[in-house]
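A short write-up of the structure that comes next.
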Amino acid sequence: IQRRVHGGPTHIVGFEARGFLFGPCLALELGIPFVMIRKANKLPGVMVSRKYITEYSSDETQMRLGSVYPGARVVLVDDLVATGGTALSGFELVTAMGATVLEFAAIVDLPSLNGIKKIHEDPRFKEVSTFTLVSNDTIGPTQRADPPAGTPKSVDMPGAQELAKKLGL
């Protein structure tokens, strides 16, 4: 991350809960603080809140007031970006406290749900770098496409190799 971001981040901010697995490792490596974004009423102290819509419901996230400050440079970390609702809530919490989001990093992108596109459609965040480990670019067209009609969604282990060969995987 440090090599990718001009000026380097001052904070790593991770989303509950799997962002808590990856974010602290980055923060320790870079020698900077890790800050949590959690669901409502889970953190002590005074919170800044943001309600948002997910792909299947609505939710609210919170961040401790003063955990980032005006001029801070933040990398947001999560496990997955789907519709972008959770990610955008983090972008908005960080910017509400005067900090700047330098980069958004996630392990998995579900591009059919347009989360990254939604982030970049917001004029405030159109230039923010995004990075994912798993996306359409890394899994290839065969594995992200629906299987041919009649293909089972699950197969017992003894039949796995045969089906993979039949599907050209």
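Chain labels follow the order of the structure tokens: the first chain is A, the next B, and so on; residue numbering restarts at 1 in every chain, and ligands are counted from 1 in their shown order.
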Q. Looking only at the backbone, which of the residues in range 52-106 of chain A does DSSP tag as strand (DSSP E), as a PyMOL selection string?
A. chain A and resi 52-53+58-64+73-81+100-106
Q) Hey, what's within 7 Å of range 82-96 of chain A if we count only C-alpha atoms and toss same-chain stuff fewer than 5 positions away? As an NGL selection string, please? A) :A and (48 or 50 or 52-55 or 101 or 109-110 or 113-116 or 118-119)
Q: Quote the spacing between CA of Pro147 in chain A and CA of Gln161 in chain A in Å to one decimal place.
A: 15.4 Å
Considering only C-alpha atoms, give me a table of residues in range 55-77 of chain A that are at most 10 Å from range 12-27 of chain A, with the closest atom pair and distance in Å for each, as CSV.
residue,atom,partner,partner_atom,distance
A:Thr61,CA,A:Phe15,CA,8.8
A:Gln62,CA,A:Phe15,CA,9.8
A:Met63,CA,A:Val13,CA,9.4
A:Ser67,CA,A:Val13,CA,9.5
A:Val68,CA,A:Val13,CA,9.1
A:Arg73,CA,A:Ile12,CA,8.7
A:Val74,CA,A:Ile12,CA,5.7
A:Val75,CA,A:Ile12,CA,5.0
A:Leu76,CA,A:Val13,CA,4.9
A:Val77,CA,A:Gly14,CA,4.7
Can you list every residue of range 2-109 of chain A that has an atom at most 8 Å from range 123-139 of chain A, with its nearest atom pair and the distance in Å to one decimal, using only C-alpha atoms, ordered by chain then number, as JSON lines?
{"residue": "A:Val101", "atom": "CA", "partner": "A:Val128", "partner_atom": "CA", "distance": 7.0}
{"residue": "A:Leu102", "atom": "CA", "partner": "A:Val128", "partner_atom": "CA", "distance": 5.8}
{"residue": "A:Glu103", "atom": "CA", "partner": "A:Ser129", "partner_atom": "CA", "distance": 4.8}
{"residue": "A:Phe104", "atom": "CA", "partner": "A:Thr130", "partner_atom": "CA", "distance": 4.7}
{"residue": "A:Ala105", "atom": "CA", "partner": "A:Phe131", "partner_atom": "CA", "distance": 4.7}
{"residue": "A:Ala106", "atom": "CA", "partner": "A:Thr132", "partner_atom": "CA", "distance": 4.8}
{"residue": "A:Ile107", "atom": "CA", "partner": "A:Leu133", "partner_atom": "CA", "distance": 5.0}
{"residue": "A:Val108", "atom": "CA", "partner": "A:Val134", "partner_atom": "CA", "distance": 4.6}
{"residue": "A:Asp109", "atom": "CA", "partner": "A:Ser135", "partner_atom": "CA", "distance": 5.0}
Could you take the residues named above and write them with all heavy atoms, as a PDB file, in the first residue's frame?
ATOM      1  N   VAL A 101      -9.635   9.594   2.051  1.00  0.00           N
ATOM      2  CA  VAL A 101      -9.441   8.184   1.709  1.00  0.00           C
ATOM      3  C   VAL A 101      -8.485   8.125   0.522  1.00  0.00           C
ATOM      4  O   VAL A 101      -8.784   8.643  -0.546  1.00  0.00           O
ATOM      5  CB  VAL A 101     -10.773   7.487   1.364  1.00  0.00           C
ATOM      6  CG1 VAL A 101     -10.521   6.037   0.968  1.00  0.00           C
ATOM      7  CG2 VAL A 101     -11.741   7.567   2.535  1.00  0.00           C
ATOM      8  N   LEU A 102      -7.337   7.507   0.742  1.00  0.00           N
ATOM      9  CA  LEU A 102      -6.341   7.354  -0.323  1.00  0.00           C
ATOM     10  C   LEU A 102      -6.604   6.129  -1.177  1.00  0.00           C
ATOM     11  O   LEU A 102      -6.342   6.132  -2.374  1.00  0.00           O
ATOM     12  CB  LEU A 102      -4.938   7.226   0.271  1.00  0.00           C
ATOM     13  CG  LEU A 102      -4.394   8.414   1.032  1.00  0.00           C
ATOM     14  CD1 LEU A 102      -3.042   8.082   1.614  1.00  0.00           C
ATOM     15  CD2 LEU A 102      -4.314   9.621   0.130  1.00  0.00           C
ATOM     16  N   GLU A 103      -7.062   5.059  -0.526  1.00  0.00           N
ATOM     17  CA  GLU A 103      -7.250   3.803  -1.232  1.00  0.00           C
ATOM     18  C   GLU A 103      -8.287   2.962  -0.520  1.00  0.00           C
ATOM     19  O   GLU A 103      -8.440   3.035   0.699  1.00  0.00           O
ATOM     20  CB  GLU A 103      -5.929   3.033  -1.310  1.00  0.00           C
ATOM     21  CG  GLU A 103      -6.003   1.774  -2.128  1.00  0.00           C
ATOM     22  CD  GLU A 103      -4.638   1.190  -2.474  1.00  0.00           C
ATOM     23  OE1 GLU A 103      -3.615   1.727  -2.016  1.00  0.00           O
ATOM     24  OE2 GLU A 103      -4.602   0.198  -3.222  1.00  0.00           O
ATOM     25  N   PHE A 104      -8.994   2.153  -1.304  1.00  0.00           N
ATOM     26  CA  PHE A 104      -9.910   1.157  -0.764  1.00  0.00           C
ATOM     27  C   PHE A 104      -9.385  -0.203  -1.199  1.00  0.00           C
ATOM     28  O   PHE A 104      -9.156  -0.434  -2.395  1.00  0.00           O
ATOM     29  CB  PHE A 104     -11.335   1.357  -1.296  1.00  0.00           C
ATOM     30  CG  PHE A 104     -12.275   0.253  -0.895  1.00  0.00           C
ATOM     31  CD1 PHE A 104     -12.769   0.200   0.395  1.00  0.00           C
ATOM     32  CD2 PHE A 104     -12.626  -0.726  -1.799  1.00  0.00           C
ATOM     33  CE1 PHE A 104     -13.620  -0.830   0.773  1.00  0.00           C
ATOM     34  CE2 PHE A 104     -13.475  -1.757  -1.436  1.00  0.00           C
ATOM     35  CZ  PHE A 104     -13.984  -1.811  -0.147  1.00  0.00           C
ATOM     36  N   ALA A 105      -9.178  -1.104  -0.245  1.00  0.00           N
ATOM     37  CA  ALA A 105      -8.665  -2.444  -0.537  1.00  0.00           C
ATOM     38  C   ALA A 105      -9.640  -3.486  -0.005  1.00  0.00           C
ATOM     39  O   ALA A 105     -10.126  -3.368   1.121  1.00  0.00           O
ATOM     40  CB  ALA A 105      -7.294  -2.637   0.107  1.00  0.00           C
ATOM     41  N   ALA A 106      -9.935  -4.478  -0.829  1.00  0.00           N
ATOM     42  CA  ALA A 106     -10.796  -5.586  -0.421  1.00  0.00           C
ATOM     43  C   ALA A 106     -10.206  -6.877  -0.958  1.00  0.00           C
ATOM     44  O   ALA A 106      -9.461  -6.866  -1.943  1.00  0.00           O
ATOM     45  CB  ALA A 106     -12.221  -5.396  -0.942  1.00  0.00           C
ATOM     46  N   ILE A 107     -10.547  -7.965  -0.331  1.00  0.00           N
ATOM     47  CA  ILE A 107     -10.064  -9.256  -0.796  1.00  0.00           C
ATOM     48  C   ILE A 107     -10.817  -9.669  -2.057  1.00  0.00           C
ATOM     49  O   ILE A 107     -10.230 -10.084  -3.038  1.00  0.00           O
ATOM     50  CB  ILE A 107     -10.215 -10.336   0.299  1.00  0.00           C
ATOM     51  CG1 ILE A 107      -9.480  -9.921   1.572  1.00  0.00           C
ATOM     52  CG2 ILE A 107      -9.729 -11.699  -0.195  1.00  0.00           C
ATOM     53  CD1 ILE A 107      -8.009  -9.631   1.392  1.00  0.00           C
ATOM     54  N   VAL A 108     -12.155  -9.512  -2.058  1.00  0.00           N
ATOM     55  CA  VAL A 108     -12.989  -9.976  -3.159  1.00  0.00           C
ATOM     56  C   VAL A 108     -13.849  -8.837  -3.697  1.00  0.00           C
ATOM     57  O   VAL A 108     -14.424  -8.068  -2.930  1.00  0.00           O
ATOM     58  CB  VAL A 108     -13.914 -11.131  -2.699  1.00  0.00           C
ATOM     59  CG1 VAL A 108     -14.835 -11.592  -3.830  1.00  0.00           C
ATOM     60  CG2 VAL A 108     -13.105 -12.300  -2.164  1.00  0.00           C
ATOM     61  N   ASP A 109     -13.936  -8.750  -5.009  1.00  0.00           N
ATOM     62  CA  ASP A 109     -14.847  -7.840  -5.705  1.00  0.00           C
ATOM     63  C   ASP A 109     -15.897  -8.686  -6.415  1.00  0.00           C
ATOM     64  O   ASP A 109     -15.550  -9.658  -7.083  1.00  0.00           O
ATOM     65  CB  ASP A 109     -14.064  -7.003  -6.725  1.00  0.00           C
ATOM     66  CG  ASP A 109     -14.961  -6.134  -7.594  1.00  0.00           C
ATOM     67  OD1 ASP A 109     -16.076  -5.773  -7.152  1.00  0.00           O
ATOM     68  OD2 ASP A 109     -14.535  -5.803  -8.710  1.00  0.00           O
TER      69      ASP A 109
END
